[in-house]
Every structure is written in structure tokens, then in C-alpha cells.
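Trainee: Enclosed is the structure file final15.csv (CSV, C-alpha atoms).
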chain,number,residue,atom,x,y,z
A,1,MET,CA,115.2,75.6,112.2
A,2,ASN,CA,115.7,74.4,108.7
A,3,GLU,CA,112.1,74.4,107.5
A,4,ARG,CA,111.1,74.3,103.9
A,5,VAL,CA,109.1,77.4,103.0
A,6,ILE,CA,107.1,77.9,99.9
A,7,LEU,CA,105.5,81.1,98.5
A,8,ALA,CA,102.4,80.2,96.6
A,9,SER,CA,102.4,83.2,94.4
A,10,GLY,CA,103.9,84.2,91.1
A,11,SER,CA,104.1,87.9,92.1
A,12,PRO,CA,107.5,89.3,91.4
A,13,ILE,CA,107.1,92.0,94.0
A,14,ARG,CA,106.2,89.5,96.8
A,15,ARG,CA,109.1,87.4,95.9
A,16,GLU,CA,111.5,90.4,95.9
A,17,LEU,CA,110.2,91.6,99.3
A,18,LEU,CA,110.8,88.2,100.9
A,19,GLU,CA,114.2,87.8,99.3
A,20,ARG,CA,115.3,91.2,100.5
A,21,ALA,CA,114.2,90.3,104.0
A,22,GLY,CA,116.5,87.3,104.0
A,23,LEU,CA,113.9,84.5,103.8
A,24,VAL,CA,115.0,81.3,102.0
A,25,PHE,CA,112.1,79.9,100.2
A,26,GLU,CA,110.8,78.3,97.0
A,27,VAL,CA,108.2,79.8,94.6
A,28,MET,CA,105.2,77.7,93.6
A,29,PRO,CA,102.6,79.7,91.8
A,30,VAL,CA,99.2,78.0,91.9
A,31,ALA,CA,96.1,78.5,89.7
A,32,VAL,CA,92.7,79.1,91.3
A,33,ASP,CA,89.6,80.4,89.8
A,34,GLU,CA,89.7,83.8,91.6
A,35,ALA,CA,86.7,85.2,89.7
A,36,ALA,CA,84.4,82.3,90.6
A,37,ILE,CA,85.5,82.2,94.3
A,38,ARG,CA,85.0,86.0,94.6
A,39,ALA,CA,81.6,85.8,92.9
A,40,GLY,CA,80.5,83.1,95.2
A,41,LEU,CA,81.6,85.0,98.3
A,42,GLU,CA,80.1,88.3,97.0
A,43,ALA,CA,76.7,86.4,96.5
A,44,GLU,CA,76.9,85.4,100.2
A,45,ARG,CA,77.7,89.1,101.0
A,46,ALA,CA,81.1,88.3,102.5
A,47,PRO,CA,83.0,91.4,103.5
A,48,PRO,CA,86.1,92.3,101.4
A,49,ASP,CA,88.6,91.2,104.1
A,50,GLU,CA,87.0,87.8,104.2
A,51,ILE,CA,87.2,87.6,100.4
A,52,ALA,CA,90.9,88.5,100.4
A,53,GLU,CA,91.6,86.0,103.2
A,54,THR,CA,89.7,83.2,101.5
A,55,LEU,CA,91.5,83.7,98.2
A,56,ALA,CA,94.9,83.6,100.0
A,57,ALA,CA,93.9,80.4,101.9
A,58,PHE,CA,92.8,78.7,98.6
A,59,LYS,CA,96.2,79.4,97.2
A,60,ALA,CA,98.1,78.2,100.3
A,61,GLU,CA,95.9,75.1,100.4
A,62,ARG,CA,96.6,74.2,96.8
A,63,ALA,CA,100.4,74.5,97.2
A,64,ALA,CA,100.3,72.7,100.5
A,65,ALA,CA,98.6,69.7,98.8
A,66,LYS,CA,101.7,69.5,96.5
A,67,ALA,CA,104.2,70.0,99.3
A,68,PRO,CA,102.7,68.8,102.6
A,69,ASP,CA,106.1,68.9,104.4
A,70,ALA,CA,106.4,72.7,103.8
A,71,LEU,CA,105.3,75.9,105.5
A,72,VAL,CA,103.3,77.5,102.7
A,73,ILE,CA,102.5,81.2,102.3
A,74,GLY,CA,99.4,82.1,100.3
A,75,CYS,CA,98.6,85.8,99.5
A,76,ASP,CA,95.9,87.8,97.8
A,77,GLN,CA,94.8,91.4,97.5
A,78,VAL,CA,91.4,92.9,96.8
A,79,LEU,CA,90.2,96.4,96.2
A,80,ALA,CA,87.0,97.6,97.9
A,81,HIS,CA,85.1,100.6,96.7
A,82,ARG,CA,81.6,101.6,97.8
A,83,GLY,CA,80.7,98.1,98.8
A,84,ARG,CA,82.0,96.5,95.6
A,85,VAL,CA,85.2,94.4,95.2
A,86,LEU,CA,87.0,95.2,92.0
A,87,GLY,CA,89.2,92.6,90.3
A,88,LYS,CA,92.1,93.0,87.9
A,89,PRO,CA,91.1,94.8,84.8
A,90,GLY,CA,90.6,92.6,81.7
A,91,SER,CA,91.3,95.3,79.2
A,92,PRO,CA,92.4,99.0,78.9
A,93,ASP,CA,88.7,100.0,78.6
A,94,GLU,CA,87.9,98.1,81.9
A,95,ALA,CA,90.9,99.8,83.6
A,96,ARG,CA,89.7,103.2,82.4
A,97,ALA,CA,86.2,102.5,83.8
A,98,GLN,CA,87.7,101.4,87.1
A,99,LEU,CA,89.9,104.4,87.4
A,100,ARG,CA,87.1,106.8,86.5
A,101,ALA,CA,85.0,105.3,89.3
A,102,LEU,CA,87.9,105.5,91.8
A,103,ARG,CA,89.1,109.1,91.0
A,104,GLY,CA,88.2,111.9,93.4
A,105,GLY,CA,87.6,109.7,96.4
A,106,PRO,CA,88.8,106.9,98.7
A,107,HIS,CA,89.0,103.2,98.3
A,108,GLU,CA,90.6,100.3,100.3
A,109,LEU,CA,93.2,97.7,99.5
A,110,LEU,CA,93.0,94.6,101.6
A,111,SER,CA,96.1,92.4,101.5
A,112,ALA,CA,95.8,88.9,103.0
A,113,VAL,CA,98.4,86.3,103.9
A,114,VAL,CA,97.6,82.8,105.1
A,115,VAL,CA,100.3,80.3,106.2
A,116,TYR,CA,99.6,76.6,106.0
A,117,ASP,CA,101.5,73.9,107.8
A,118,ASP,CA,100.8,70.1,107.7
A,119,LEU,CA,97.9,70.8,105.3
A,120,LYS,CA,96.2,73.1,107.7
A,121,PRO,CA,95.9,76.9,108.2
A,122,LEU,CA,98.3,77.9,110.9
A,123,TRP,CA,98.3,81.7,110.8
A,124,ARG,CA,96.5,84.5,108.9
A,125,HIS,CA,96.5,88.3,108.7
A,126,VAL,CA,94.7,90.9,106.6
A,127,GLY,CA,96.2,94.4,106.3
A,128,LYS,CA,94.1,97.4,105.2
A,129,VAL,CA,95.1,100.6,103.5
A,130,THR,CA,92.9,103.5,102.5
A,131,LEU,CA,94.0,105.4,99.4
A,132,THR,CA,92.4,108.6,98.0
A,133,MET,CA,92.7,109.3,94.3
A,134,ARG,CA,92.9,112.9,93.1
A,135,SER,CA,90.5,114.3,90.5
A,136,PHE,CA,92.7,113.8,87.4
A,137,SER,CA,91.5,114.6,83.9
A,138,ASP,CA,90.4,112.1,81.3
A,139,ALA,CA,93.3,113.2,79.1
A,140,PHE,CA,95.8,112.4,81.9
A,141,LEU,CA,94.0,109.0,82.4
A,142,ASP,CA,94.3,108.1,78.7
A,143,ASP,CA,98.0,109.1,78.6
A,144,TYR,CA,98.6,107.1,81.9
A,145,LEU,CA,97.0,103.9,80.5
A,146,ASP,CA,98.8,104.3,77.1
A,147,ARG,CA,102.1,104.4,79.0
A,148,ASN,CA,101.4,101.9,81.7
A,149,TRP,CA,98.9,99.3,80.6
A,150,GLU,CA,101.3,96.4,80.1
A,151,SER,CA,102.7,97.1,83.6
A,152,VAL,CA,99.3,97.4,85.4
A,153,ARG,CA,97.2,94.9,83.6
A,154,ASP,CA,97.7,92.4,86.4
A,155,ALA,CA,97.2,94.9,89.2
A,156,VAL,CA,94.0,95.5,91.1
A,157,GLY,CA,92.9,99.0,90.5
A,158,ALA,CA,95.1,99.3,87.4
A,159,TYR,CA,97.9,101.0,89.2
A,160,LYS,CA,101.2,100.3,90.9
A,161,ILE,CA,102.1,102.8,93.6
A,162,GLU,CA,105.8,102.0,93.3
A,163,ASP,CA,105.7,103.3,89.7
A,164,GLU,CA,103.8,106.1,87.9
A,165,GLY,CA,100.6,105.1,89.6
A,166,ILE,CA,101.6,107.2,92.6
A,167,ARG,CA,100.6,110.2,90.5
A,168,LEU,CA,97.0,109.2,90.7
A,169,PHE,CA,96.8,109.8,94.5
A,170,SER,CA,96.4,112.7,96.9
A,171,GLY,CA,96.5,110.7,100.1
A,172,ILE,CA,97.4,107.3,101.6
A,173,GLU,CA,96.7,105.9,105.1
A,174,GLY,CA,98.3,102.6,106.0
A,175,ASP,CA,101.3,100.3,105.5
A,176,TYR,CA,103.3,100.6,102.3
A,177,PHE,CA,103.9,96.8,102.1
A,178,ASP,CA,100.1,96.2,102.3
A,179,ILE,CA,99.8,98.3,99.1
A,180,LEU,CA,102.3,96.1,97.4
A,181,GLY,CA,100.2,93.1,98.3
A,182,LEU,CA,102.0,91.5,101.2
A,183,PRO,CA,101.6,92.3,104.9
A,184,LEU,CA,105.4,92.0,105.3
A,185,LEU,CA,106.0,93.0,108.9
A,186,PRO,CA,103.4,90.8,110.5
A,187,LEU,CA,104.5,87.9,108.3
A,188,LEU,CA,108.2,88.3,109.2
A,189,THR,CA,107.2,88.5,112.9
A,190,PHE,CA,105.3,85.3,112.6
A,191,LEU,CA,108.1,83.5,110.7
A,192,THR,CA,110.7,84.7,113.2
A,193,THR,CA,108.5,83.4,116.1
A,194,ARG,CA,108.0,80.1,114.2
A,195,GLY,CA,111.8,79.8,113.7
A,196,ALA,CA,111.9,80.1,109.9
A,197,LEU,CA,113.9,83.2,110.4
A,198,MET,CA,116.7,83.8,112.9
A,199,ALA,CA,115.5,85.8,116.0
I need this file expressed as C-alpha cells, please.
Mentor:
Amino acid sequence: MNERVILASGSPIRRELLERAGLVFEVMPVAVDEAAIRAGLEAERAPPDEIAETLAAFKAERAAAKAPDALVIGCDQVLAHRGRVLGKPGSPDEARAQLRALRGGPHELLSAVVVYDDLKPLWRHVGKVTLTMRSFSDAFLDDYLDRNWESVRDAVGAYKIEDEGIRLFSGIEGDYFDILGLPLLPLLTFLTTRGALMA
């Protein structure tokens, strides 16, 4: 099947994961007001997995409107901690506050993928990972942010587990690809069933 496939995300790691898996696709980042959508859903007391899925669907829908002939992949990831959903930190001080709140205990990353076809949602999946942060010192935290802020400023939780962020953790339960922001194995299984990848 020679179907046009679009990734509605500007994430370099999502692009790299799909390229390495052998998928032929185009990249079409779209802009959505994530903070406003998240705030509205939180006001309705939507659970974190629904927030992640809704954000992914908004992105897929926006790209599908520009390319109605394509199979469009929308993705998003949220961090849930003690009933709150944390967004990307807006500053080093906000990142420091988030990491202080997370240290010494567990939180969840929820990574959603929604695929649109013919301007309609066709398939969706949300992966969940539980991560436990160790009780690191304030001095370590300050040094970590000094070294890594430019890298983690666009990452929920202010860490990237594939980089030095791994040193923040004492335990992880779940799929590695979900941590990176893409439920890769379920998505590849769907795309293979669909015919976008050779079986």
C-alpha cells in the first residue's frame, strides 16, 4: 500500500524513532494552544489519559485538515503527579519547582497517539509509565539544570531519560518508548495491519 503518512509533530525523537523503524512519512508540525485545551479539560476534571489523548487528537485533526488524503499521526504526552497534570516548564525556576515536587516519589507519563484518516479519528492508544525519582539534593538539582536546561526546556517534567535525566530516577515501570513520547510498538502494529508498513 502506497499511502501518504504524516507525523503531526515537530519532536525530533518521534521522527527519529519512526525513521529507524522504516516508516516513510512527512513531518507537519501543527500549533495548538495546549495550555488552554489542558486547562479546559482539567476544569472538567478529565483524567490525565483523556487529556493526553485529546491533545494528540487536536494535533492530528489540524494536520488532517491540511492533508485530507493522508494518514495522520498525532501525539502528545502529559505528566500526572498527585492528581495534577504538569506541563512543560516555562523557565529554569519552574523546572526546579517541578523537580522538587517530583523527587522522592512516583509520577506517571501518559503518551498518546491518535491516527486520523479521511478527516476522522481511526485509531488511538495511550501508554502509561510509572517513574520514581530518587531523593536528590538541591545542589545536584541546581547543577543538573545548569547543565541541561536548554535540552529539557521542551520536555514535560524537565528531564530526558535518554540523557542525563536518567540520573534523577531510582525506578521505572513501563515501556521505554512511552517515556520518549511515542507508543511505538502499538503504533507500528497498527500501521502494519493497515498496510502502511510491510507485514
Trainee: Please return, as a PyMOL selection string, all polymer residues that have at least one atom within 6 Å of the point (90.3, 108.2, 85.7); use all atoms listed in the file and the file's own coordinate frame.
Mentor: chain A and resi 99-100+103+138+141
Trainee: Just the residues within 9 Å of Arg124 of chain A, please, counting only C-alpha atoms, with nothing from its chain fewer than 2 positions along; format it as a list in words.
Mentor: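 Residues meeting the cut-off are Glu53, Ala57, Ala112, Val113, Val114, Val115, Tyr116, Pro121, Leu122, Val126 and Leu187 of chain A.
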Trainee: Please, which residues are within 10 Å of (83.5, 96.7, 100.8) by the file's coordinates, counting only C-alpha atoms, and could they come as an MDAnalysis selection string?
Mentor: chainID A and resid 42 45:49 51 78:86 107:110
Trainee: With C-alpha atoms retained, export the selected residues as an mmCIF file, in the coordinates of the input.
Mentor:
data_model
loop_
_atom_site.group_PDB
_atom_site.id
_atom_site.type_symbol
_atom_site.label_atom_id
_atom_site.label_comp_id
_atom_site.auth_asym_id
_atom_site.auth_seq_id
_atom_site.Cartn_x
_atom_site.Cartn_y
_atom_site.Cartn_z
ATOM 1 C CA GLU A 42 80.100 88.300 97.000
ATOM 2 C CA ARG A 45 77.700 89.100 101.000
ATOM 3 C CA ALA A 46 81.100 88.300 102.500
ATOM 4 C CA PRO A 47 83.000 91.400 103.500
ATOM 5 C CA PRO A 48 86.100 92.300 101.400
ATOM 6 C CA ASP A 49 88.600 91.200 104.100
ATOM 7 C CA ILE A 51 87.200 87.600 100.400
ATOM 8 C CA VAL A 78 91.400 92.900 96.800
ATOM 9 C CA LEU A 79 90.200 96.400 96.200
ATOM 10 C CA ALA A 80 87.000 97.600 97.900
ATOM 11 C CA HIS A 81 85.100 100.600 96.700
ATOM 12 C CA ARG A 82 81.600 101.600 97.800
ATOM 13 C CA GLY A 83 80.700 98.100 98.800
ATOM 14 C CA ARG A 84 82.000 96.500 95.600
ATOM 15 C CA VAL A 85 85.200 94.400 95.200
ATOM 16 C CA LEU A 86 87.000 95.200 92.000
ATOM 17 C CA HIS A 107 89.000 103.200 98.300
ATOM 18 C CA GLU A 108 90.600 100.300 100.300
ATOM 19 C CA LEU A 109 93.200 97.700 99.500
ATOM 20 C CA LEU A 110 93.000 94.600 101.600
#
Trainee: Select, from A:Ala31, A:Ile172, A:Ile161, A:Ile37, the residue with the minimum atom-to-atom distance to Gly10 of chain A, counting only C-alpha atoms.
Mentor: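 Nearest to Gly10 of chain A: A:Ala31.
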Trainee: How many Å lie between atom CA of Leu17 of chain A and atom CA of Leu145 of chain A, rounded to one decimal?
Mentor: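 Rounded to one decimal, the two atoms are 26.1 Å apart.
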Trainee: With distances taken over only C-alpha atoms, which of A:Phe25, A:Phe169, A:Phe190, A:Tyr176 is nearest to Thr132 of chain A?
Mentor: A:Phe169
Trainee: Considering all atoms listed in the file, state which residue in the set A:Gly181, A:Pro29, A:Gly171, A:Pro12 is at the smallest distance from Thr130 of chain A.
Mentor: A:Gly171
